[in-house]
Amino acid sequence: MEKILLVDDDEMSLMVTEMVLTEMKYEVKSVMCGKDCIESLKSDNYDLLLLDVELGDTNGIRLLEQIREDPDIKDTRTVFLTVSSQREDLSEAVRLGALDFIRKPALPEQLLRSVRDALSISEKETILAVDDEPMNLMATEEIFGIRYNVRTAGSGEEALEEIERERPDLVLLDLHMPGMDGLEVMSHIRDIEGGENLPVIFLTADDDADTEAEIFKAGAMDFIRKPFVMQVALQRIRHVLQLKHLQDSMQEEVDRKTEAITENNRKIRNLSRQVIMALAGTIDAKDTYTNGHSNRVAEYAHEIAVRMGKSEQEKLEIYSVALLHDVGKIGIPLSIINKPGKLTDEEFEEIKSHTVRGYDILKTISEMPELSTGARWHHERYDGKGYPDRKSGEDIPEVARIICVADCYDAMSSDRSYRKALPQDVVRSEIENNKGTQFDPKIADIMLQMIDEDKDYQMRGDTDGR
Ligand SMILES: [Fe+2]
C-alpha cells in the first residue's frame, strides 16, 4: 500500500482529502503544520507528499524549499494543494520540482488522477513548446512546467534544431507561425531519425473543421484550441503521453517476444544440426575404411554451393543433406560394407539399396524434406544410367547432382577397402571424362576448378567436420 503524507491546516479540507484517499486504499497520515511535516518525512518513508500552499506557520512553497535542502528528504515527490492560483506560486513550485498543482476544493476523481499520476512518474517528461509569441511560450512554461520539463523554441527552424539536439517526449506546436508554419515543421519532424513516432499536439486559435482535418492528416495526435483551459490542456497532454507509453511498451513486448522466438529458432536449428551430425557419425563409424566420408562429402558439397552463389540457408541445407547422403548404409551388413575384395552381383545390389533405404529413413523428417532427396538420388547419373530411378539431367534434384560429384571425388581421393587413394591427375581426368555423362557438367566444372586450385592435393581427407 502506498503511503501519502497530507499537510493542510484546514481541518475540514484535511478530513475530506484523507477520506477520499483512504477510500482508494492509500495509507494516509495527516498533519497540520510545517514542523510536523518535516518530522514525519524524517521518521518514515512516504511515496508522496500532498502539500497545501497556505499553511498557518509557514508557506507550502517555503516548506518545499526547506525539504529540497535536506539531504535525507530532498527527493520527496510533491503535489501542491491550493485555493490560490497566483503565478508566482506556480513558477516557484515548478522550480522546486513539484509534480502537480491541485486546485481546492478538488473533485475526488481529479484528486485521485493527480495522485495516481504523481505516483507513477519516475522522471518528469519533457515537452518542447514551439510558438513565435514569447508571451505564449512564457505562459506555457508556467502552466505546464508544474508537471513537465518545458523547453521552448521561437520558430520552426529552432524547434527542429532542438529536436535534433535532444528528443523531447512531446511537441506542442503552434499552427500559425511566420516562415515555417506548424504543418511544415511537422513534416520535417517526421524526417528526423526517431521523429516519426514523436507525439505532436497542435495549438491553434482556428475554429474550423478543415483545419482540424488538416492537422490530423499531418499526423498530429491531438490539438488544443487557444486560449486554452489549463486543466483541459494538461489532460490532453497526459492522454497523449499515456498513449505513447502504451505504444512503446507494446512495441517493447513485441521486440522481447520476437527476440525469444529468434533465440528458440536458433536453438532448434542447432539441435537439428547436432542430431544430423550425430547420425552422420554413426554411418562413418560403421564403415571403417571410409571414416569421415560423410563429413568430407558435406564439405565439398558446401564449397560447390559457395561457388554456385547459394544463399546462407541453401548452403546450410546442402551441407546437411550431404552429411546424410549415405545414411541408408546403416541397414547394409558390415561384411559387405567392409569387404576388401570384389563384390558379387547380389552384394552390389545390396549396396545399391542404401539409396532407397536412406530415403525411407529420412522421408519421415517432414520438416526437412530435402534430406531424403540427397540420399535417394545421389547415385543417379546425368545421362540417366544411374540408380535407383534412372533419372536424368535436371530431373535429378540439384542437391543430389552436387552430392554425386562431391561423393565421387571423395571415393577416388581417399583410401578404400580395396585400393589406395588415386593420384590427383587421375581423379581430375575421371571427373573431366565423365562430365555430361555421369556428372552435371556445370557442377563438374566447379569441382575441376577446386582441384586445379588445390595444387598440393591437400583437399582430400583435409576435413575435420563442422
Ligand atoms: Fe552413396
# chains A, B, ... in the order shown; residues from 1 in each chain; ligands from 1
call {"tool": "select_by_dssp", "arguments": {"residues": "segment 364-450 of chain A", "states": "helix (DSSP H, G or I)", "output": "NGL selection string"}}
result
:A and (370-377 or 393-395 or 398-413 or 424-433 or 441-450)
call {"tool": "residues_near_ligand", "arguments": {"ligand": "ligand 1", "cutoff": "7 Å", "atoms": "only C-alpha atoms and all ligand atoms", "output": "MDAnalysis selection string"}}
result
chainID A and resid 325:326 355 378:379
call {"tool": "write_last_selection", "arguments": {"atoms": "N, CA and C atoms", "output": "compact mmCIF listing (two decimals), in the first residue's frame"}}
result
# COMPACT_ATOMS: atom_id res chain seq x y z
N HIS A 325 23.83 -38.33 -46.86
CA HIS A 325 23.52 -38.98 -48.15
C HIS A 325 23.65 -40.50 -48.07
N ASP A 326 24.51 -41.01 -47.21
CA ASP A 326 24.74 -42.46 -47.14
C ASP A 326 24.07 -43.11 -45.92
N THR A 355 20.46 -46.35 -51.15
CA THR A 355 19.82 -45.10 -51.57
C THR A 355 18.35 -45.07 -51.13
N HIS A 378 21.58 -39.58 -55.09
CA HIS A 378 22.98 -39.16 -55.29
C HIS A 378 23.76 -40.15 -56.17
N HIS A 379 23.17 -41.31 -56.52
CA HIS A 379 23.84 -42.23 -57.45
C HIS A 379 23.18 -42.21 -58.82
call {"tool": "atom_distance", "arguments": {"atom1": "atom CA of Tyr319 of chain A", "atom2": "atom CA of Gln424 of chain A"}}
result
23.9 Å
call {"tool": "atom_distance", "arguments": {"atom1": "atom CA of Leu160 of chain A", "atom2": "atom CA of Met186 of chain A"}}
result
9.2 Å
call {"tool": "atom_distance", "arguments": {"atom1": "atom CA of Gln449 of chain A", "atom2": "atom CA of Ile304 of chain A"}}
result
9.9 Å
call {"tool": "closest_atom_pairs", "arguments": {"of": "segment 53-80 of chain A", "to": "segment 134-152 of chain A", "cutoff": "12 Å", "atoms": "only C-alpha atoms", "output": "CSV"}}
result
residue,atom,partner,partner_atom,distance
A:Arg77,CA,A:Arg147,CA,11.7
A:Thr78,CA,A:Ile146,CA,10.5
A:Val79,CA,A:Ile146,CA,9.1
A:Phe80,CA,A:Ile146,CA,9.6
call {"tool": "write_last_selection", "arguments": {"atoms": "N, CA and C atoms", "output": "short mmCIF file (atom, residue, chain, number, x, y, z; two decimals), in the first residue's frame"}}
result
data_model
loop_
_atom_site.label_atom_id
_atom_site.label_comp_id
_atom_site.auth_asym_id
_atom_site.auth_seq_id
_atom_site.Cartn_x
_atom_site.Cartn_y
_atom_site.Cartn_z
N ARG A 77 8.51 13.20 -3.48
CA ARG A 77 7.58 13.58 -4.57
C ARG A 77 6.49 14.44 -3.96
N THR A 78 6.26 15.57 -4.61
CA THR A 78 5.31 16.52 -4.01
C THR A 78 4.27 17.02 -5.00
N VAL A 79 3.04 17.07 -4.53
CA VAL A 79 1.95 17.69 -5.30
C VAL A 79 1.34 18.77 -4.41
N PHE A 80 1.11 19.96 -4.99
CA PHE A 80 0.54 21.06 -4.19
C PHE A 80 -0.99 21.06 -4.22
#
call {"tool": "select_by_dssp", "arguments": {"residues": "segment 9-212 of chain A", "states": "strand (DSSP E)", "output": "PyMOL selection string"}}
result
chain A and resi 27-31+48-52+78-82+100-103+126-130+149-153+170-174+200-204
call {"tool": "write_last_selection", "arguments": {"atoms": "C-alpha atoms", "output": "PDB file, in the first residue's frame"}}
result
ATOM      1  CA  GLU A  27      -2.265   4.779   3.602  1.00  0.00           C
ATOM      2  CA  VAL A  28      -2.587   8.402   4.685  1.00  0.00           C
ATOM      3  CA  LYS A  29      -1.025  10.357   7.521  1.00  0.00           C
ATOM      4  CA  SER A  30      -2.340  13.867   8.044  1.00  0.00           C
ATOM      5  CA  VAL A  31      -0.512  16.736   9.716  1.00  0.00           C
ATOM      6  CA  LEU A  48       4.010  11.180  -1.925  1.00  0.00           C
ATOM      7  CA  LEU A  49       3.616  14.495  -0.132  1.00  0.00           C
ATOM      8  CA  LEU A  50       0.353  16.372  -0.688  1.00  0.00           C
ATOM      9  CA  LEU A  51       1.156  19.884   0.442  1.00  0.00           C
ATOM     10  CA  ASP A  52      -1.147  22.822   0.992  1.00  0.00           C
ATOM     11  CA  THR A  78       5.310  16.518  -4.010  1.00  0.00           C
ATOM     12  CA  VAL A  79       1.948  17.688  -5.299  1.00  0.00           C
ATOM     13  CA  PHE A  80       0.540  21.058  -4.185  1.00  0.00           C
ATOM     14  CA  LEU A  81      -2.983  21.725  -2.983  1.00  0.00           C
ATOM     15  CA  THR A  82      -4.109  25.322  -3.158  1.00  0.00           C
ATOM     16  CA  ASP A 100       1.227  18.874  -9.968  1.00  0.00           C
ATOM     17  CA  PHE A 101      -0.954  21.660  -8.639  1.00  0.00           C
ATOM     18  CA  ILE A 102      -4.463  20.668  -7.456  1.00  0.00           C
ATOM     19  CA  ARG A 103      -6.988  23.423  -7.038  1.00  0.00           C
ATOM     20  CA  THR A 126       9.907  16.835 -21.475  1.00  0.00           C
ATOM     21  CA  ILE A 127       7.680  18.967 -23.646  1.00  0.00           C
ATOM     22  CA  LEU A 128       9.008  21.158 -26.421  1.00  0.00           C
ATOM     23  CA  ALA A 129       6.728  24.187 -26.831  1.00  0.00           C
ATOM     24  CA  VAL A 130       7.006  25.898 -30.228  1.00  0.00           C
ATOM     25  CA  ASN A 149      10.125  19.834 -18.101  1.00  0.00           C
ATOM     26  CA  VAL A 150       9.330  22.512 -20.653  1.00  0.00           C
ATOM     27  CA  ARG A 151      11.787  23.512 -23.367  1.00  0.00           C
ATOM     28  CA  THR A 152      10.888  26.271 -25.797  1.00  0.00           C
ATOM     29  CA  ALA A 153      11.533  27.217 -29.415  1.00  0.00           C
ATOM     30  CA  LEU A 170       6.090  15.539 -26.826  1.00  0.00           C
ATOM     31  CA  VAL A 171       5.919  18.644 -29.034  1.00  0.00           C
ATOM     32  CA  LEU A 172       3.346  21.396 -28.508  1.00  0.00           C
ATOM     33  CA  LEU A 173       3.311  23.082 -31.891  1.00  0.00           C
ATOM     34  CA  ASP A 174       1.752  26.405 -32.825  1.00  0.00           C
ATOM     35  CA  VAL A 200       2.811  16.237 -31.657  1.00  0.00           C
ATOM     36  CA  ILE A 201      -0.112  18.306 -30.353  1.00  0.00           C
ATOM     37  CA  PHE A 202      -1.062  21.410 -32.310  1.00  0.00           C
ATOM     38  CA  LEU A 203      -2.059  24.683 -30.685  1.00  0.00           C
ATOM     39  CA  THR A 204      -4.456  26.762 -32.720  1.00  0.00           C
TER      40      THR A 204
END
call {"tool": "closest_residue", "arguments": {"among": "A:Arg460, A:Lys329, A:Met32, A:Pro369", "to": "Asn295 of chain A", "atoms": "only C-alpha atoms"}}
result
A:Arg460
call {"tool": "closest_residue", "arguments": {"among": "A:Lys442, A:Lys352, A:Arg167, A:Lys267", "to": "Trp377 of chain A", "atoms": "only C-alpha atoms"}}
result
A:Lys352
call {"tool": "residues_around", "arguments": {"residues": "Leu243 of chain A", "least_positions_apart": "6", "cutoff": "12 Å", "atoms": "only C-alpha atoms", "output": "list in words"}}
result
Asp169, Leu170, Asn197, Leu198, Pro199, Met221, Asp222, Arg236, Ile237, Ser249 and Met250 of chain A
call {"tool": "write_last_selection", "arguments": {"atoms": "N, CA and C atoms", "output": "PDB file, in the first residue's frame"}}
result
ATOM      1  N   ASP A 169       9.702  14.380 -25.174  1.00  0.00           N
ATOM      2  CA  ASP A 169       8.687  13.320 -25.155  1.00  0.00           C
ATOM      3  C   ASP A 169       7.456  13.729 -25.951  1.00  0.00           C
ATOM      4  N   LEU A 170       7.276  15.046 -26.105  1.00  0.00           N
ATOM      5  CA  LEU A 170       6.090  15.539 -26.826  1.00  0.00           C
ATOM      6  C   LEU A 170       6.381  16.943 -27.358  1.00  0.00           C
ATOM      7  N   ASN A 197       7.840   8.801 -34.667  1.00  0.00           N
ATOM      8  CA  ASN A 197       6.852   8.439 -33.645  1.00  0.00           C
ATOM      9  C   ASN A 197       6.717   9.491 -32.551  1.00  0.00           C
ATOM     10  N   LEU A 198       7.292  10.648 -32.773  1.00  0.00           N
ATOM     11  CA  LEU A 198       7.252  11.691 -31.733  1.00  0.00           C
ATOM     12  C   LEU A 198       5.844  12.296 -31.664  1.00  0.00           C
ATOM     13  N   PRO A 199       5.186  12.231 -30.479  1.00  0.00           N
ATOM     14  CA  PRO A 199       3.833  12.785 -30.414  1.00  0.00           C
ATOM     15  C   PRO A 199       3.823  14.312 -30.561  1.00  0.00           C
ATOM     16  N   MET A 221      -1.304  14.010 -32.958  1.00  0.00           N
ATOM     17  CA  MET A 221      -2.078  13.114 -32.111  1.00  0.00           C
ATOM     18  C   MET A 221      -3.269  13.819 -31.497  1.00  0.00           C
ATOM     19  N   ASP A 222      -3.206  15.160 -31.420  1.00  0.00           N
ATOM     20  CA  ASP A 222      -4.339  15.911 -30.873  1.00  0.00           C
ATOM     21  C   ASP A 222      -4.119  17.389 -31.178  1.00  0.00           C
ATOM     22  N   ARG A 236      -5.212  16.618 -21.900  1.00  0.00           N
ATOM     23  CA  ARG A 236      -4.970  16.151 -23.270  1.00  0.00           C
ATOM     24  C   ARG A 236      -3.511  15.726 -23.430  1.00  0.00           C
ATOM     25  N   ILE A 237      -2.622  16.496 -22.850  1.00  0.00           N
ATOM     26  CA  ILE A 237      -1.189  16.146 -22.927  1.00  0.00           C
ATOM     27  C   ILE A 237      -0.973  14.809 -22.225  1.00  0.00           C
ATOM     28  N   SER A 249       5.416   0.460 -24.794  1.00  0.00           N
ATOM     29  CA  SER A 249       5.553  -0.788 -24.033  1.00  0.00           C
ATOM     30  C   SER A 249       5.054  -1.973 -24.857  1.00  0.00           C
ATOM     31  N   MET A 250       4.056  -1.731 -25.728  1.00  0.00           N
ATOM     32  CA  MET A 250       3.610  -2.817 -26.607  1.00  0.00           C
ATOM     33  C   MET A 250       4.718  -3.182 -27.585  1.00  0.00           C
TER      34      MET A 250
END
call {"tool": "closest_residue", "arguments": {"among": "A:Gln274, A:Gln458, A:Ser294, A:Thr437", "to": "Ser413 of chain A", "atoms": "only C-alpha atoms"}}
result
A:Gln458
call {"tool": "closest_residue", "arguments": {"among": "A:Met447, A:Leu64, A:Val185, A:Cys404", "to": "Leu96 of chain A", "atoms": "only C-alpha atoms"}}
result
A:Leu64
call {"tool": "closest_residue", "arguments": {"among": "A:Arg62, A:Arg357, A:His302, A:Lys244", "to": "Val405 of chain A", "atoms": "only C-alpha atoms"}}
result
A:His302
call {"tool": "residues_around", "arguments": {"residues": "Lys342 of chain A", "least_positions_apart": "3", "cutoff": "12 Å", "atoms": "only C-alpha atoms", "output": "MDAnalysis selection string"}}
result
chainID A and resid 336:339 345:348 416:419
call {"tool": "residues_around", "arguments": {"residues": "segment 392-401 of chain A", "least_positions_apart": "2", "cutoff": "7 Å", "atoms": "only C-alpha atoms", "output": "NGL selection string"}}
result
:A and (318 or 373-374 or 377-378 or 381-384 or 390 or 403-405 or 440)
call {"tool": "write_last_selection", "arguments": {"atoms": "C-alpha atoms", "output": "PDB file, in the first residue's frame"}}
result
ATOM      1  CA  ILE A 318      23.138 -28.657 -48.918  1.00  0.00           C
ATOM      2  CA  THR A 373      16.257 -36.399 -51.866  1.00  0.00           C
ATOM      3  CA  GLY A 374      20.036 -36.411 -51.415  1.00  0.00           C
ATOM      4  CA  TRP A 377      19.281 -39.753 -55.915  1.00  0.00           C
ATOM      5  CA  HIS A 378      22.978 -39.164 -55.290  1.00  0.00           C
ATOM      6  CA  ARG A 381      23.744 -40.171 -63.486  1.00  0.00           C
ATOM      7  CA  TYR A 382      23.266 -37.102 -65.656  1.00  0.00           C
ATOM      8  CA  ASP A 383      22.826 -39.399 -68.703  1.00  0.00           C
ATOM      9  CA  GLY A 384      20.063 -41.384 -66.966  1.00  0.00           C
ATOM     10  CA  ARG A 390      17.350 -43.783 -63.716  1.00  0.00           C
ATOM     11  CA  ILE A 403      26.492 -34.648 -53.821  1.00  0.00           C
ATOM     12  CA  CYS A 404      27.151 -37.015 -56.727  1.00  0.00           C
ATOM     13  CA  VAL A 405      30.239 -35.033 -57.808  1.00  0.00           C
ATOM     14  CA  ASP A 440      26.157 -32.398 -64.294  1.00  0.00           C
TER      15      ASP A 440
END
call {"tool": "decode", "arguments": {"residues": "segment 118-148 of chain A", "atoms": "N, CA and C atoms", "output": "PDB file, in the first residue's frame"}}
result
ATOM      1  N   ALA A 118       1.126  11.230 -10.178  1.00  0.00           N
ATOM      2  CA  ALA A 118       2.347  11.619  -9.471  1.00  0.00           C
ATOM      3  C   ALA A 118       3.087  10.389  -8.967  1.00  0.00           C
ATOM      4  N   LEU A 119       2.335   9.391  -8.521  1.00  0.00           N
ATOM      5  CA  LEU A 119       2.982   8.166  -8.014  1.00  0.00           C
ATOM      6  C   LEU A 119       3.606   7.348  -9.136  1.00  0.00           C
ATOM      7  N   SER A 120       3.053   7.487 -10.338  1.00  0.00           N
ATOM      8  CA  SER A 120       3.578   6.655 -11.434  1.00  0.00           C
ATOM      9  C   SER A 120       4.745   7.319 -12.159  1.00  0.00           C
ATOM     10  N   ILE A 121       5.000   8.566 -11.862  1.00  0.00           N
ATOM     11  CA  ILE A 121       6.082   9.265 -12.573  1.00  0.00           C
ATOM     12  C   ILE A 121       7.432   8.832 -12.030  1.00  0.00           C
ATOM     13  N   SER A 122       8.288   8.376 -12.907  1.00  0.00           N
ATOM     14  CA  SER A 122       9.637   8.067 -12.442  1.00  0.00           C
ATOM     15  C   SER A 122      10.531   9.279 -12.713  1.00  0.00           C
ATOM     16  N   GLU A 123      10.226   9.965 -13.782  1.00  0.00           N
ATOM     17  CA  GLU A 123      11.011  11.134 -14.155  1.00  0.00           C
ATOM     18  C   GLU A 123      10.072  12.101 -14.862  1.00  0.00           C
ATOM     19  N   LYS A 124      10.293  13.377 -14.709  1.00  0.00           N
ATOM     20  CA  LYS A 124       9.434  14.330 -15.411  1.00  0.00           C
ATOM     21  C   LYS A 124       9.656  14.214 -16.916  1.00  0.00           C
ATOM     22  N   GLU A 125       8.555  14.208 -17.663  1.00  0.00           N
ATOM     23  CA  GLU A 125       8.711  14.135 -19.111  1.00  0.00           C
ATOM     24  C   GLU A 125       8.970  15.532 -19.674  1.00  0.00           C
ATOM     25  N   THR A 126       9.544  15.548 -20.888  1.00  0.00           N
ATOM     26  CA  THR A 126       9.907  16.835 -21.475  1.00  0.00           C
ATOM     27  C   THR A 126       8.997  17.207 -22.639  1.00  0.00           C
ATOM     28  N   ILE A 127       8.518  18.443 -22.562  1.00  0.00           N
ATOM     29  CA  ILE A 127       7.680  18.967 -23.646  1.00  0.00           C
ATOM     30  C   ILE A 127       8.451  20.066 -24.351  1.00  0.00           C
ATOM     31  N   LEU A 128       8.423  20.040 -25.682  1.00  0.00           N
ATOM     32  CA  LEU A 128       9.008  21.158 -26.421  1.00  0.00           C
ATOM     33  C   LEU A 128       7.858  22.023 -26.919  1.00  0.00           C
ATOM     34  N   ALA A 129       7.792  23.272 -26.401  1.00  0.00           N
ATOM     35  CA  ALA A 129       6.728  24.187 -26.831  1.00  0.00           C
ATOM     36  C   ALA A 129       7.277  25.067 -27.949  1.00  0.00           C
ATOM     37  N   VAL A 130       6.538  25.123 -29.072  1.00  0.00           N
ATOM     38  CA  VAL A 130       7.006  25.898 -30.228  1.00  0.00           C
ATOM     39  C   VAL A 130       5.978  26.975 -30.544  1.00  0.00           C
ATOM     40  N   ASP A 131       6.391  28.240 -30.423  1.00  0.00           N
ATOM     41  CA  ASP A 131       5.472  29.352 -30.660  1.00  0.00           C
ATOM     42  C   ASP A 131       6.292  30.589 -30.994  1.00  0.00           C
ATOM     43  N   ASP A 132       5.797  31.416 -31.933  1.00  0.00           N
ATOM     44  CA  ASP A 132       6.559  32.617 -32.287  1.00  0.00           C
ATOM     45  C   ASP A 132       6.287  33.761 -31.313  1.00  0.00           C
ATOM     46  N   GLU A 133       5.298  33.603 -30.422  1.00  0.00           N
ATOM     47  CA  GLU A 133       4.964  34.654 -29.455  1.00  0.00           C
ATOM     48  C   GLU A 133       5.662  34.375 -28.126  1.00  0.00           C
ATOM     49  N   PRO A 134       6.634  35.193 -27.730  1.00  0.00           N
ATOM     50  CA  PRO A 134       7.347  34.939 -26.469  1.00  0.00           C
ATOM     51  C   PRO A 134       6.406  34.860 -25.265  1.00  0.00           C
ATOM     52  N   MET A 135       5.341  35.682 -25.292  1.00  0.00           N
ATOM     53  CA  MET A 135       4.395  35.668 -24.160  1.00  0.00           C
ATOM     54  C   MET A 135       3.714  34.298 -24.035  1.00  0.00           C
ATOM     55  N   ASN A 136       3.367  33.728 -25.189  1.00  0.00           N
ATOM     56  CA  ASN A 136       2.724  32.407 -25.177  1.00  0.00           C
ATOM     57  C   ASN A 136       3.669  31.356 -24.605  1.00  0.00           C
ATOM     58  N   LEU A 137       4.940  31.467 -24.989  1.00  0.00           N
ATOM     59  CA  LEU A 137       5.922  30.492 -24.503  1.00  0.00           C
ATOM     60  C   LEU A 137       6.080  30.607 -22.988  1.00  0.00           C
ATOM     61  N   MET A 138       6.092  31.842 -22.492  1.00  0.00           N
ATOM     62  CA  MET A 138       6.232  32.048 -21.046  1.00  0.00           C
ATOM     63  C   MET A 138       5.048  31.434 -20.307  1.00  0.00           C
ATOM     64  N   ALA A 139       3.858  31.688 -20.850  1.00  0.00           N
ATOM     65  CA  ALA A 139       2.649  31.154 -20.218  1.00  0.00           C
ATOM     66  C   ALA A 139       2.680  29.623 -20.241  1.00  0.00           C
ATOM     67  N   THR A 140       3.125  29.053 -21.358  1.00  0.00           N
ATOM     68  CA  THR A 140       3.202  27.590 -21.477  1.00  0.00           C
ATOM     69  C   THR A 140       4.160  27.026 -20.430  1.00  0.00           C
ATOM     70  N   GLU A 141       5.298  27.690 -20.287  1.00  0.00           N
ATOM     71  CA  GLU A 141       6.280  27.240 -19.290  1.00  0.00           C
ATOM     72  C   GLU A 141       5.679  27.254 -17.890  1.00  0.00           C
ATOM     73  N   GLU A 142       4.951  28.321 -17.601  1.00  0.00           N
ATOM     74  CA  GLU A 142       4.373  28.447 -16.256  1.00  0.00           C
ATOM     75  C   GLU A 142       3.290  27.404 -16.014  1.00  0.00           C
ATOM     76  N   ILE A 143       2.447  27.233 -17.012  1.00  0.00           N
ATOM     77  CA  ILE A 143       1.302  26.340 -16.824  1.00  0.00           C
ATOM     78  C   ILE A 143       1.717  24.867 -16.823  1.00  0.00           C
ATOM     79  N   PHE A 144       2.539  24.490 -17.791  1.00  0.00           N
ATOM     80  CA  PHE A 144       2.875  23.070 -17.913  1.00  0.00           C
ATOM     81  C   PHE A 144       4.126  22.668 -17.135  1.00  0.00           C
ATOM     82  N   GLY A 145       4.890  23.689 -16.719  1.00  0.00           N
ATOM     83  CA  GLY A 145       6.136  23.416 -16.004  1.00  0.00           C
ATOM     84  C   GLY A 145       5.917  22.723 -14.675  1.00  0.00           C
ATOM     85  N   ILE A 146       4.740  22.862 -14.122  1.00  0.00           N
ATOM     86  CA  ILE A 146       4.448  22.205 -12.849  1.00  0.00           C
ATOM     87  C   ILE A 146       4.517  20.686 -12.997  1.00  0.00           C
ATOM     88  N   ARG A 147       4.199  20.230 -14.181  1.00  0.00           N
ATOM     89  CA  ARG A 147       4.072  18.789 -14.391  1.00  0.00           C
ATOM     90  C   ARG A 147       5.160  18.222 -15.309  1.00  0.00           C
ATOM     91  N   TYR A 148       5.698  19.094 -16.154  1.00  0.00           N
ATOM     92  CA  TYR A 148       6.664  18.615 -17.161  1.00  0.00           C
ATOM     93  C   TYR A 148       7.889  19.524 -17.216  1.00  0.00           C
TER      94      TYR A 148
END
